[in-house]
Amino acid sequence: MATQEDRLKDIIGHAKEYGFVFPSSEIYDGLSATYDYGQLGAELKNNIKNYWWKAMVQMHENIVGLDAAIFMAPQVWKASGHVDAFNDPLIDNKDSKKRYRADVLIEEHIEKIRQKNNKEVEKGQKRFGDAFNEHEFRTTNPTILRREEEITGIENRMRDALTNDKLDDLKLLIEELEIVCPLSGSKNWTDVKQFNLMFSTELGSVSGESSKIYLRPETAQGIFVNFLNVQKSGRMKIPFGIAQIGKAFRNEIVARQFIFRMREFEQMEMQFFVRPGEEGKWYEYWKDYRIKWHKALGFSENAYRFHDHIKLAHYAKAAADIEFDFPMGFKELEGIHSRGDFDLKQHEEFSGKKLRYFDPELNESYIPYVVETSVGLDRMFLAVLSQSYKDETLEDGTTRVVLSIPPALAPYKVAVLPLMKKDGMPELAREIIDGLKFDFNCQYDDKDNIGRRYRRQDAIGTPFAITVDQESLIDKTVTLRERDSMKQERVPIQDLYRIIDEKVNMRNLLVG
RNA sequence: GCGAGAGUAGCUCAGUUGAUAGAGCUCCACCUUGCCAAGGUGGAGGUCGCGGGUUUGAGUCCCGUCUCUCGCUCCA
């Protein structure tokens with residue numbers, strides 16, 4: 001019995017061996033936690049995107065797509081809260097190995113000084129009794145004044161260091177204040193490092209004339225800033241949604257666990273704009289719709305669970321995750337968030353443009369509320385791959401590795417195999433492919449014996465294999481072999497399209 | 001950043017006390033076979049992560065360094 005960790009290793013190895021996922025820049029020893037999708041991975045990824053897009057956009061006449069740029073005006077990230085909320089100066093204590101936010105350490109130190117002053121006030125109160133005037137005491141007592149001055153000095157220096165990115169000064173301050181690690185009690189600190197959630201780059205070719213812009217950390221803001229464009233040009237009526245699939249970038253301190261957490265990743269997001277007061281109804285609707293979308297793939301019901309957030313992000317009113325049973329355990333796969341009017345309101349304020357919707361039914365205009373659904377595409381890919389991967393022992397004692405990928409998502413739908421490489425069988429096989437290739441991704445293989453070729457197709461998740469033999473040349477029938485059951489049946493060549501289409505068409509997933 | 005582990009053929013790995021770098025699978029060619037990982041013959045493929053040191057001699061011992069993986073700190 002393989003452990004879960006072994007299982008993940010096997011999947012990673014399998015993904016590499018068959019061209020699903022490669023470590024990035026491998027010939028240069030790789031780049032930490034960065035991966036490239038290979039020939040089969042690109043197919044699988046496209047099919048997942050397609051499934052999502054069809055389910056969200058094509059199946060909902062009030063949802064439309066968008067493809068906003070990765071670069072956006074820097075003010076966008078001020079408005080969204082990303083610039084301020086995710087810029088942390090971090091420092092490590094070398095003895096306890098604990099990491100702290102440098103500004104928090106200093107603030108805690110300041111708080112201690114304040115406590116001392118408070119004690120001083122208490123003492124004064126005891127001494128002077130009813131005649132005690134706290135305001136007068138605080139503004140005249142020399143000890144308190146000295147400490148207040150000290151606090152102001154520290155605060156000014158800290159603010160200066162933070163706003164001007166003077167990280168050395170921040171460390172110096174911590175050393176001068178003789179701040180100790182709460183755990184180890186030591187003053188053995190590393191240098192202060194700035195950990196920004198967002199990657200930045202320079203816009204403009206000449207340095208000095210250039211300006212700093214960010215790589216987007218989520219696709220959602222592209223949707224919000226285009227809210228009016230889409231609403232007006234598409235004559236959208238509330239409730240309506242805007243969907244986007246695209247890359248996002250987050251400078252995670254630790255990016256780990258294969259493609260689960262990467263610094264460059266792809267999101268499939270939909271922002272649904274609703275009338276204020278109706279957000280609860282839609283939040284429930286999307287929770288229900290999204291879990292059905294996942295379950296339609298036919299994996300175990302037990303592989304999914306909801307996790308409701310108790311601690312909410314700065315913008316959220318309610319939030320739930322759909323968690324999936326990955327090889328590393330249950331982890332977040334998708335988030336459904338009720339964002340209220342936070343984002344549009346912020347952009348109204350920062351841009352000075354009205355981002356409102358005139359509701360003819362209510363005869364009033366308002367900032368719509370937003371319900372968001374956001375799936376990690378790479379996580380979805382890992383979910384499909386890990387649930388599909390099976391190391392089977394067959395009745396005859398032999399083993400096979402099979403990827404039971406839902407047929408509609410499989411990279412190749414059908415493999416066509418001439419039993420022998422002679423007597424016109426390869427030619428007939430090619431003919432069959434020519435008839436099917438407009439509708440299905442096909443693969444031709446005439447190498448090695450037939451059993452081996454079946455196993456190869458199992459390993460990449462091809463749902464059907466068609467074998468052309470001597471008889472086929474005479475009566476135009478072939479053997480159709482199904483991946484999961486390994487069952488074979490004799491079918492006329494002219495029926496192939498219908499039989500295959502029935503199984504691999506995405507319609508099967510979309511009808512639920 | 002800290003701690004632990006790893007790095008030898010495309011993949012999985014072996015390599016003893018320091019003495020000519022190996023196996024299986026894969027890949028290529030040919031022969032045999034023909035519906036579930038067949039057999040045979042031949043062939044390709046390695047600066048043993050990199051750099052020093054010890055030694056007559058280093059994949060192996062010593063020092064340094066790089067990279068990856070796992071754990072911890074962060075997380076919408």
# chains A, B, ... in the order shown; residues from 1 in each chain; ligands from 1
$ residues_around --residues "stretch 34-37 of chain B" --least-positions-apart "3" --cutoff "7 Å" --atoms "only C-alpha atoms (C1' of nucleotides)" --output "ChimeraX atom specification"
/A:419-420,450-452,454-455
$ write_last_selection --atoms "all heavy atoms" --output "mmCIF file, in the first residue's frame"
data_model
loop_
_atom_site.group_PDB
_atom_site.id
_atom_site.type_symbol
_atom_site.label_atom_id
_atom_site.label_comp_id
_atom_site.auth_asym_id
_atom_site.auth_seq_id
_atom_site.Cartn_x
_atom_site.Cartn_y
_atom_site.Cartn_z
ATOM 1 N N LEU A 419 -3.590 -3.917 -36.653
ATOM 2 C CA LEU A 419 -3.094 -5.092 -35.941
ATOM 3 C C LEU A 419 -1.730 -5.507 -36.486
ATOM 4 O O LEU A 419 -0.835 -5.876 -35.737
ATOM 5 C CB LEU A 419 -4.092 -6.243 -36.085
ATOM 6 C CG LEU A 419 -3.850 -7.460 -35.206
ATOM 7 C CD1 LEU A 419 -3.888 -7.094 -33.735
ATOM 8 C CD2 LEU A 419 -4.878 -8.549 -35.505
ATOM 9 N N MET A 420 -1.615 -5.463 -37.806
ATOM 10 C CA MET A 420 -0.330 -5.759 -38.445
ATOM 11 C C MET A 420 0.045 -4.614 -39.368
ATOM 12 O O MET A 420 -0.820 -3.948 -39.913
ATOM 13 C CB MET A 420 -0.431 -7.054 -39.253
ATOM 14 C CG MET A 420 -0.401 -8.282 -38.382
ATOM 15 S SD MET A 420 -0.811 -9.736 -39.334
ATOM 16 C CE MET A 420 -2.541 -9.921 -38.983
ATOM 17 N N ILE A 450 -0.096 -5.551 -30.043
ATOM 18 C CA ILE A 450 -1.325 -4.812 -29.773
ATOM 19 C C ILE A 450 -1.563 -4.558 -28.281
ATOM 20 O O ILE A 450 -2.020 -3.484 -27.893
ATOM 21 C CB ILE A 450 -2.528 -5.541 -30.424
ATOM 22 C CG1 ILE A 450 -3.751 -4.645 -30.449
ATOM 23 C CG2 ILE A 450 -2.819 -6.869 -29.727
ATOM 24 C CD1 ILE A 450 -3.626 -3.497 -31.417
ATOM 25 N N GLY A 451 -1.194 -5.520 -27.445
ATOM 26 C CA GLY A 451 -1.406 -5.373 -26.008
ATOM 27 C C GLY A 451 -0.636 -4.192 -25.450
ATOM 28 O O GLY A 451 -1.133 -3.403 -24.646
ATOM 29 N N ARG A 452 0.565 -4.101 -25.923
ATOM 30 C CA ARG A 452 1.413 -2.988 -25.496
ATOM 31 C C ARG A 452 0.831 -1.648 -25.897
ATOM 32 O O ARG A 452 0.881 -0.666 -25.147
ATOM 33 C CB ARG A 452 2.756 -3.158 -26.188
ATOM 34 C CG ARG A 452 3.942 -3.127 -25.329
ATOM 35 C CD ARG A 452 5.129 -3.390 -26.238
ATOM 36 N NE ARG A 452 6.324 -2.834 -25.658
ATOM 37 C CZ ARG A 452 7.028 -3.437 -24.719
ATOM 38 N NH1 ARG A 452 6.652 -4.610 -24.262
ATOM 39 N NH2 ARG A 452 8.108 -2.874 -24.234
ATOM 40 N N TYR A 454 -2.317 -0.997 -26.392
ATOM 41 C CA TYR A 454 -3.480 -0.714 -25.532
ATOM 42 C C TYR A 454 -3.027 -0.096 -24.217
ATOM 43 O O TYR A 454 -3.604 0.882 -23.725
ATOM 44 C CB TYR A 454 -4.255 -2.009 -25.235
ATOM 45 C CG TYR A 454 -5.090 -2.540 -26.392
ATOM 46 C CD1 TYR A 454 -5.365 -3.894 -26.511
ATOM 47 C CD2 TYR A 454 -5.627 -1.675 -27.339
ATOM 48 C CE1 TYR A 454 -6.141 -4.395 -27.559
ATOM 49 C CE2 TYR A 454 -6.402 -2.162 -28.382
ATOM 50 C CZ TYR A 454 -6.656 -3.521 -28.489
ATOM 51 O OH TYR A 454 -7.420 -4.001 -29.508
ATOM 52 N N ARG A 455 -1.976 -0.694 -23.647
ATOM 53 C CA ARG A 455 -1.493 -0.194 -22.356
ATOM 54 C C ARG A 455 -0.971 1.238 -22.465
ATOM 55 O O ARG A 455 -1.149 2.042 -21.563
ATOM 56 C CB ARG A 455 -0.378 -1.093 -21.801
ATOM 57 C CG ARG A 455 -0.804 -2.515 -21.496
ATOM 58 C CD ARG A 455 -1.861 -2.562 -20.413
ATOM 59 N NE ARG A 455 -2.442 -3.890 -20.280
ATOM 60 C CZ ARG A 455 -1.998 -4.838 -19.478
ATOM 61 N NH1 ARG A 455 -0.959 -4.599 -18.707
ATOM 62 N NH2 ARG A 455 -2.585 -5.999 -19.432
#
$ select_by_dssp --residues "stretch 102-250 of chain A" --states "helix (DSSP H, G or I)" --output "ChimeraX atom specification"
/A:102-131,134-140,142-163,167-176,220-225,227-233
$ residues_around --residues "stretch 13-26 of chain B" --least-positions-apart "5" --cutoff "9 Å" --atoms "only C-alpha atoms (C1' of nucleotides)" --output "mmCIF file with C-alpha atoms (C1' of nucleotides), in the first residue's frame"
data_model
loop_
_atom_site.group_PDB
_atom_site.id
_atom_site.type_symbol
_atom_site.label_atom_id
_atom_site.label_comp_id
_atom_site.auth_asym_id
_atom_site.auth_seq_id
_atom_site.Cartn_x
_atom_site.Cartn_y
_atom_site.Cartn_z
ATOM 1 C "C1'" U B 8 25.063 8.249 -11.731
ATOM 2 C "C1'" G B 46 26.840 9.077 -19.157
ATOM 3 C "C1'" C B 48 28.709 10.182 -12.084
ATOM 4 C "C1'" U B 55 45.804 9.929 -3.312
ATOM 5 C "C1'" G B 57 44.525 6.286 -8.732
ATOM 6 C "C1'" A B 58 38.035 9.300 -6.609
ATOM 7 C "C1'" G B 59 31.147 7.866 -8.699
ATOM 8 C "C1'" U B 60 33.233 6.235 -3.817
ATOM 9 C "C1'" C B 61 37.013 9.912 1.220
#
$ closest_atom_pairs --of "stretch 146-242 of chain A" --to "stretch 69-86 of chain A" --cutoff "6 Å" --atoms "only C-alpha atoms" --output "JSON lines"
{"residue": "A:Leu197", "atom": "CA", "partner": "A:Phe86", "partner_atom": "CA", "distance": 5.5}
{"residue": "A:Ile213", "atom": "CA", "partner": "A:Pro74", "partner_atom": "CA", "distance": 5.6}
{"residue": "A:Leu215", "atom": "CA", "partner": "A:Phe71", "partner_atom": "CA", "distance": 5.8}
{"residue": "A:Arg216", "atom": "CA", "partner": "A:Ile70", "partner_atom": "CA", "distance": 5.6}
$ closest_atom_pairs --of "chain B" --to "chain A" --cutoff "8 Å" --atoms "only C-alpha atoms (C1' of nucleotides)" --output "Markdown table"
| residue | atom | partner | partner_atom | distance |
| --- | --- | --- | --- | --- |
| B:G1 | C1' | A:Asp92 | CA | 7.0 |
| B:C2 | C1' | A:Lys97 | CA | 5.9 |
| B:C11 | C1' | A:Glu17 | CA | 7.3 |
| B:G34 | C1' | A:Met420 | CA | 6.8 |
| B:C35 | C1' | A:Ile450 | CA | 6.3 |
| B:C36 | C1' | A:Gly451 | CA | 3.9 |
| B:A37 | C1' | A:Arg452 | CA | 5.0 |
| B:A38 | C1' | A:Asn449 | CA | 8.0 |
| B:U67 | C1' | A:Asp29 | CA | 5.6 |
| B:C68 | C1' | A:Ser32 | CA | 7.3 |
| B:U73 | C1' | A:Arg99 | CA | 5.1 |
| B:C74 | C1' | A:Ile253 | CA | 6.2 |
| B:C75 | C1' | A:Glu252 | CA | 7.5 |
| B:A76 | C1' | A:Ala313 | CA | 6.3 |
$ decode --residues "stretch 62-76 of chain B" --atoms "all heavy atoms" --output "tab-separated table (two decimals), in the first residue's frame"
chain	number	residue	atom	x	y	z
B	62	C	P	33.45	11.94	3.71
B	62	C	OP1	32.78	11.90	5.03
B	62	C	OP2	32.64	12.08	2.48
B	62	C	O5'	34.53	13.11	3.73
B	62	C	C5'	35.43	13.27	4.81
B	62	C	C4'	36.30	14.49	4.60
B	62	C	O4'	37.14	14.27	3.43
B	62	C	C3'	35.53	15.76	4.26
B	62	C	O3'	35.05	16.41	5.41
B	62	C	C2'	36.59	16.58	3.52
B	62	C	O2'	37.50	17.18	4.43
B	62	C	C1'	37.32	15.49	2.73
B	62	C	N1	36.78	15.34	1.36
B	62	C	C2	37.18	16.27	0.38
B	62	C	O2	37.94	17.18	0.70
B	62	C	N3	36.71	16.13	-0.88
B	62	C	C4	35.88	15.13	-1.18
B	62	C	N4	35.45	15.03	-2.44
B	62	C	C5	35.46	14.18	-0.21
B	62	C	C6	35.93	14.32	1.04
B	63	C	P	33.68	17.30	5.32
B	63	C	OP1	33.29	17.66	6.70
B	63	C	OP2	32.73	16.59	4.45
B	63	C	O5'	34.17	18.61	4.57
B	63	C	C5'	35.10	19.48	5.18
B	63	C	C4'	35.49	20.58	4.22
B	63	C	O4'	36.17	20.01	3.06
B	63	C	C3'	34.34	21.35	3.60
B	63	C	O3'	33.80	22.33	4.46
B	63	C	C2'	35.00	21.95	2.36
B	63	C	O2'	35.81	23.06	2.70
B	63	C	C1'	35.89	20.80	1.92
B	63	C	N1	35.22	19.96	0.90
B	63	C	C2	35.22	20.40	-0.44
B	63	C	O2	35.76	21.48	-0.71
B	63	C	N3	34.61	19.65	-1.39
B	63	C	C4	34.03	18.50	-1.05
B	63	C	N4	33.46	17.80	-2.01
B	63	C	C5	34.01	18.03	0.30
B	63	C	C6	34.62	18.78	1.23
B	64	G	P	32.26	22.74	4.35
B	64	G	OP1	31.95	23.66	5.46
B	64	G	OP2	31.47	21.49	4.19
B	64	G	O5'	32.19	23.54	2.97
B	64	G	C5'	32.84	24.80	2.85
B	64	G	C4'	32.93	25.21	1.41
B	64	G	O4'	33.52	24.14	0.63
B	64	G	C3'	31.62	25.47	0.70
B	64	G	O3'	31.07	26.74	1.03
B	64	G	C2'	32.05	25.39	-0.76
B	64	G	O2'	32.73	26.55	-1.16
B	64	G	C1'	33.03	24.22	-0.71
B	64	G	N9	32.39	22.95	-1.07
B	64	G	C8	32.08	21.89	-0.25
B	64	G	N7	31.50	20.90	-0.90
B	64	G	C5	31.44	21.34	-2.21
B	64	G	C6	30.93	20.70	-3.38
B	64	G	O6	30.41	19.59	-3.48
B	64	G	N1	31.06	21.50	-4.51
B	64	G	C2	31.62	22.76	-4.52
B	64	G	N2	31.66	23.39	-5.70
B	64	G	N3	32.11	23.37	-3.44
B	64	G	C4	31.98	22.60	-2.34
B	65	U	P	29.49	26.93	1.06
B	65	U	OP1	29.22	28.31	1.53
B	65	U	OP2	28.89	25.77	1.76
B	65	U	O5'	29.10	26.84	-0.49
B	65	U	C5'	29.57	27.83	-1.40
B	65	U	C4'	29.26	27.40	-2.81
B	65	U	O4'	29.89	26.11	-3.07
B	65	U	C3'	27.80	27.14	-3.12
B	65	U	O3'	27.09	28.34	-3.39
B	65	U	C2'	27.88	26.22	-4.33
B	65	U	O2'	28.18	26.95	-5.50
B	65	U	C1'	29.09	25.36	-3.96
B	65	U	N1	28.70	24.09	-3.30
B	65	U	C2	28.22	23.08	-4.12
B	65	U	O2	28.11	23.21	-5.32
B	65	U	N3	27.89	21.92	-3.47
B	65	U	C4	27.97	21.67	-2.11
B	65	U	O4	27.63	20.57	-1.68
B	65	U	C5	28.47	22.76	-1.34
B	65	U	C6	28.80	23.91	-1.94
B	66	C	P	25.52	28.41	-3.13
B	66	C	OP1	25.14	29.83	-3.18
B	66	C	OP2	25.19	27.59	-1.95
B	66	C	O5'	24.93	27.68	-4.41
B	66	C	C5'	25.16	28.22	-5.71
B	66	C	C4'	24.66	27.26	-6.76
B	66	C	O4'	25.41	26.02	-6.67
B	66	C	C3'	23.22	26.82	-6.61
B	66	C	O3'	22.31	27.77	-7.12
B	66	C	C2'	23.21	25.52	-7.41
B	66	C	O2'	23.18	25.77	-8.80
B	66	C	C1'	24.57	24.94	-7.04
B	66	C	N1	24.51	23.97	-5.92
B	66	C	C2	24.10	22.66	-6.18
B	66	C	O2	23.80	22.34	-7.34
B	66	C	N3	24.06	21.75	-5.16
B	66	C	C4	24.41	22.13	-3.93
B	66	C	N4	24.35	21.20	-2.97
B	66	C	C5	24.82	23.46	-3.64
B	66	C	C6	24.85	24.34	-4.64
B	67	U	P	20.86	27.87	-6.51
B	67	U	OP1	20.22	29.05	-7.13
B	67	U	OP2	20.93	27.76	-5.04
B	67	U	O5'	20.16	26.56	-7.07
B	67	U	C5'	19.95	26.41	-8.47
B	67	U	C4'	19.46	25.01	-8.75
B	67	U	O4'	20.47	24.04	-8.35
B	67	U	C3'	18.23	24.58	-7.96
B	67	U	O3'	17.04	25.09	-8.50
B	67	U	C2'	18.33	23.06	-8.06
B	67	U	O2'	17.94	22.62	-9.34
B	67	U	C1'	19.84	22.84	-7.92
B	67	U	N1	20.24	22.57	-6.52
B	67	U	C2	20.10	21.26	-6.08
B	67	U	O2	19.67	20.37	-6.79
B	67	U	N3	20.49	21.04	-4.79
B	67	U	C4	21.00	21.98	-3.90
B	67	U	O4	21.31	21.63	-2.77
B	67	U	C5	21.10	23.31	-4.43
B	67	U	C6	20.73	23.55	-5.69
B	68	C	P	15.78	25.31	-7.54
B	68	C	OP1	14.82	26.12	-8.29
B	68	C	OP2	16.22	25.74	-6.21
B	68	C	O5'	15.21	23.83	-7.41
B	68	C	C5'	14.77	23.11	-8.54
B	68	C	C4'	14.59	21.66	-8.19
B	68	C	O4'	15.84	21.11	-7.70
B	68	C	C3'	13.61	21.39	-7.05
B	68	C	O3'	12.28	21.39	-7.50
B	68	C	C2'	14.06	20.01	-6.57
B	68	C	O2'	13.62	19.00	-7.45
B	68	C	C1'	15.58	20.13	-6.70
B	68	C	N1	16.25	20.55	-5.45
B	68	C	C2	16.49	19.58	-4.46
B	68	C	O2	16.12	18.42	-4.65
B	68	C	N3	17.12	19.95	-3.32
B	68	C	C4	17.50	21.21	-3.14
B	68	C	N4	18.13	21.52	-2.00
B	68	C	C5	17.27	22.22	-4.13
B	68	C	C6	16.64	21.84	-5.26
B	69	U	P	11.12	21.84	-6.47
B	69	U	OP1	9.88	21.93	-7.26
B	69	U	OP2	11.57	22.98	-5.66
B	69	U	O5'	11.03	20.57	-5.51
B	69	U	C5'	10.57	19.31	-6.01
B	69	U	C4'	10.66	18.28	-4.91
B	69	U	O4'	12.04	18.09	-4.53
B	69	U	C3'	9.97	18.67	-3.61
B	69	U	O3'	8.58	18.43	-3.65
B	69	U	C2'	10.69	17.77	-2.60
B	69	U	O2'	10.22	16.44	-2.69
B	69	U	C1'	12.12	17.81	-3.14
B	69	U	N1	12.95	18.85	-2.50
B	69	U	C2	13.49	18.55	-1.25
B	69	U	O2	13.29	17.50	-0.68
B	69	U	N3	14.27	19.55	-0.71
B	69	U	C4	14.56	20.78	-1.27
B	69	U	O4	15.29	21.56	-0.66
B	69	U	C5	13.96	21.00	-2.55
B	69	U	C6	13.19	20.06	-3.11
B	70	C	P	7.64	19.39	-2.78
B	70	C	OP1	6.27	19.07	-3.20
B	70	C	OP2	8.14	20.77	-2.85
B	70	C	O5'	7.86	18.85	-1.30
B	70	C	C5'	7.46	17.53	-0.93
B	70	C	C4'	7.94	17.22	0.47
B	70	C	O4'	9.40	17.25	0.50
B	70	C	C3'	7.55	18.23	1.54
B	70	C	O3'	6.22	18.05	1.98
B	70	C	C2'	8.58	17.95	2.62
B	70	C	O2'	8.26	16.77	3.33
B	70	C	C1'	9.83	17.70	1.77
B	70	C	N1	10.63	18.93	1.60
B	70	C	C2	11.50	19.32	2.62
B	70	C	O2	11.57	18.62	3.64
B	70	C	N3	12.24	20.44	2.48
B	70	C	C4	12.13	21.18	1.36
B	70	C	N4	12.88	22.27	1.26
B	70	C	C5	11.25	20.82	0.30
B	70	C	C6	10.52	19.70	0.46
B	71	G	P	5.39	19.34	2.48
B	71	G	OP1	4.01	18.88	2.69
B	71	G	OP2	5.66	20.48	1.58
B	71	G	O5'	6.05	19.67	3.89
B	71	G	C5'	5.90	18.77	4.98
B	71	G	C4'	6.67	19.26	6.17
B	71	G	O4'	8.08	19.30	5.85
B	71	G	C3'	6.38	20.69	6.60
B	71	G	O3'	5.20	20.78	7.39
B	71	G	C2'	7.63	21.05	7.40
B	71	G	O2'	7.59	20.47	8.68
B	71	G	C1'	8.71	20.35	6.57
B	71	G	N9	9.32	21.28	5.61
B	71	G	C8	9.05	21.40	4.27
B	71	G	N7	9.78	22.33	3.68
B	71	G	C5	10.57	22.83	4.70
B	71	G	C6	11.57	23.85	4.68
B	71	G	O6	11.95	24.53	3.72
B	71	G	N1	12.12	24.06	5.94
B	71	G	C2	11.77	23.37	7.07
B	71	G	N2	12.40	23.71	8.20
B	71	G	N3	10.85	22.41	7.10
B	71	G	C4	10.30	22.20	5.90
B	72	C	P	4.31	22.11	7.34
B	72	C	OP1	3.11	21.85	8.16
B	72	C	OP2	4.17	22.56	5.94
B	72	C	O5'	5.21	23.18	8.11
B	72	C	C5'	5.46	23.05	9.50
B	72	C	C4'	6.35	24.16	9.97
B	72	C	O4'	7.62	24.08	9.28
B	72	C	C3'	5.86	25.57	9.64
B	72	C	O3'	4.90	26.02	10.59
B	72	C	C2'	7.15	26.39	9.68
B	72	C	O2'	7.49	26.73	11.00
B	72	C	C1'	8.17	25.38	9.14
B	72	C	N1	8.48	25.61	7.71
B	72	C	C2	9.49	26.54	7.38
B	72	C	O2	10.08	27.11	8.30
B	72	C	N3	9.79	26.76	6.08
B	72	C	C4	9.13	26.11	5.12
B	72	C	N4	9.46	26.36	3.87
B	72	C	C5	8.10	25.17	5.43
B	72	C	C6	7.81	24.95	6.72
B	73	U	P	3.67	26.91	10.11
B	73	U	OP1	2.70	27.02	11.21
B	73	U	OP2	3.24	26.42	8.79
B	73	U	O5'	4.32	28.35	9.90
B	73	U	C5'	4.68	29.13	11.03
B	73	U	C4'	5.44	30.35	10.56
B	73	U	O4'	6.61	29.92	9.83
B	73	U	C3'	4.68	31.24	9.57
B	73	U	O3'	3.84	32.15	10.25
B	73	U	C2'	5.82	31.94	8.84
B	73	U	O2'	6.27	33.06	9.56
B	73	U	C1'	6.92	30.87	8.84
B	73	U	N1	7.02	30.18	7.54
B	73	U	C2	7.99	30.63	6.67
B	73	U	O2	8.73	31.55	6.94
B	73	U	N3	8.06	29.96	5.47
B	73	U	C4	7.27	28.91	5.07
B	73	U	O4	7.45	28.41	3.97
B	73	U	C5	6.29	28.50	6.03
B	73	U	C6	6.20	29.14	7.20
B	74	C	P	2.28	32.17	9.88
B	74	C	OP1	1.63	33.04	10.87
B	74	C	OP2	1.77	30.79	9.67
B	74	C	O5'	2.26	32.91	8.48
B	74	C	C5'	2.58	34.29	8.39
B	74	C	C4'	2.40	34.75	6.97
B	74	C	O4'	3.30	33.99	6.12
B	74	C	C3'	1.03	34.49	6.36
B	74	C	O3'	0.09	35.48	6.72
B	74	C	C2'	1.33	34.47	4.88
B	74	C	O2'	1.48	35.78	4.38
B	74	C	C1'	2.69	33.78	4.86
B	74	C	N1	2.57	32.32	4.63
B	74	C	C2	2.38	31.87	3.32
B	74	C	O2	2.33	32.70	2.41
B	74	C	N3	2.28	30.54	3.09
B	74	C	C4	2.35	29.68	4.10
B	74	C	N4	2.23	28.39	3.82
B	74	C	C5	2.52	30.11	5.45
B	74	C	C6	2.62	31.42	5.66
B	75	C	P	-1.44	35.05	6.94
B	75	C	OP1	-2.15	36.26	7.39
B	75	C	OP2	-1.52	33.81	7.74
B	75	C	O5'	-1.90	34.71	5.47
B	75	C	C5'	-2.02	35.73	4.49
B	75	C	C4'	-2.33	35.10	3.16
B	75	C	O4'	-1.31	34.14	2.84
B	75	C	C3'	-3.62	34.29	3.11
B	75	C	O3'	-4.74	35.12	2.89
B	75	C	C2'	-3.35	33.34	1.96
B	75	C	O2'	-3.56	33.98	0.72
B	75	C	C1'	-1.86	33.06	2.13
B	75	C	N1	-1.61	31.80	2.88
B	75	C	C2	-1.58	30.61	2.15
B	75	C	O2	-1.77	30.65	0.93
B	75	C	N3	-1.35	29.45	2.81
B	75	C	C4	-1.15	29.45	4.12
B	75	C	N4	-0.93	28.28	4.73
B	75	C	C5	-1.18	30.65	4.89
B	75	C	C6	-1.41	31.79	4.22
B	76	A	P	-6.20	34.72	3.41
B	76	A	OP1	-6.76	35.89	4.11
B	76	A	OP2	-6.04	33.45	4.11
B	76	A	O5'	-7.04	34.47	2.11
B	76	A	C5'	-8.40	34.78	2.10
B	76	A	C4'	-8.85	35.13	0.70
B	76	A	O4'	-8.22	36.37	0.28
B	76	A	C3'	-8.48	34.09	-0.35
B	76	A	O3'	-9.52	33.99	-1.29
B	76	A	C2'	-7.23	34.68	-1.01
B	76	A	O2'	-7.08	34.30	-2.36
B	76	A	C1'	-7.52	36.17	-0.91
B	76	A	N9	-6.29	36.99	-0.84
B	76	A	C8	-5.27	36.88	0.07
B	76	A	N7	-4.31	37.76	-0.10
B	76	A	C5	-4.74	38.49	-1.21
B	76	A	C6	-4.15	39.55	-1.90
B	76	A	N6	-3.00	40.11	-1.56
B	76	A	N1	-4.82	40.04	-2.97
B	76	A	C2	-5.99	39.47	-3.29
B	76	A	N3	-6.63	38.46	-2.73
B	76	A	C4	-5.95	38.02	-1.67
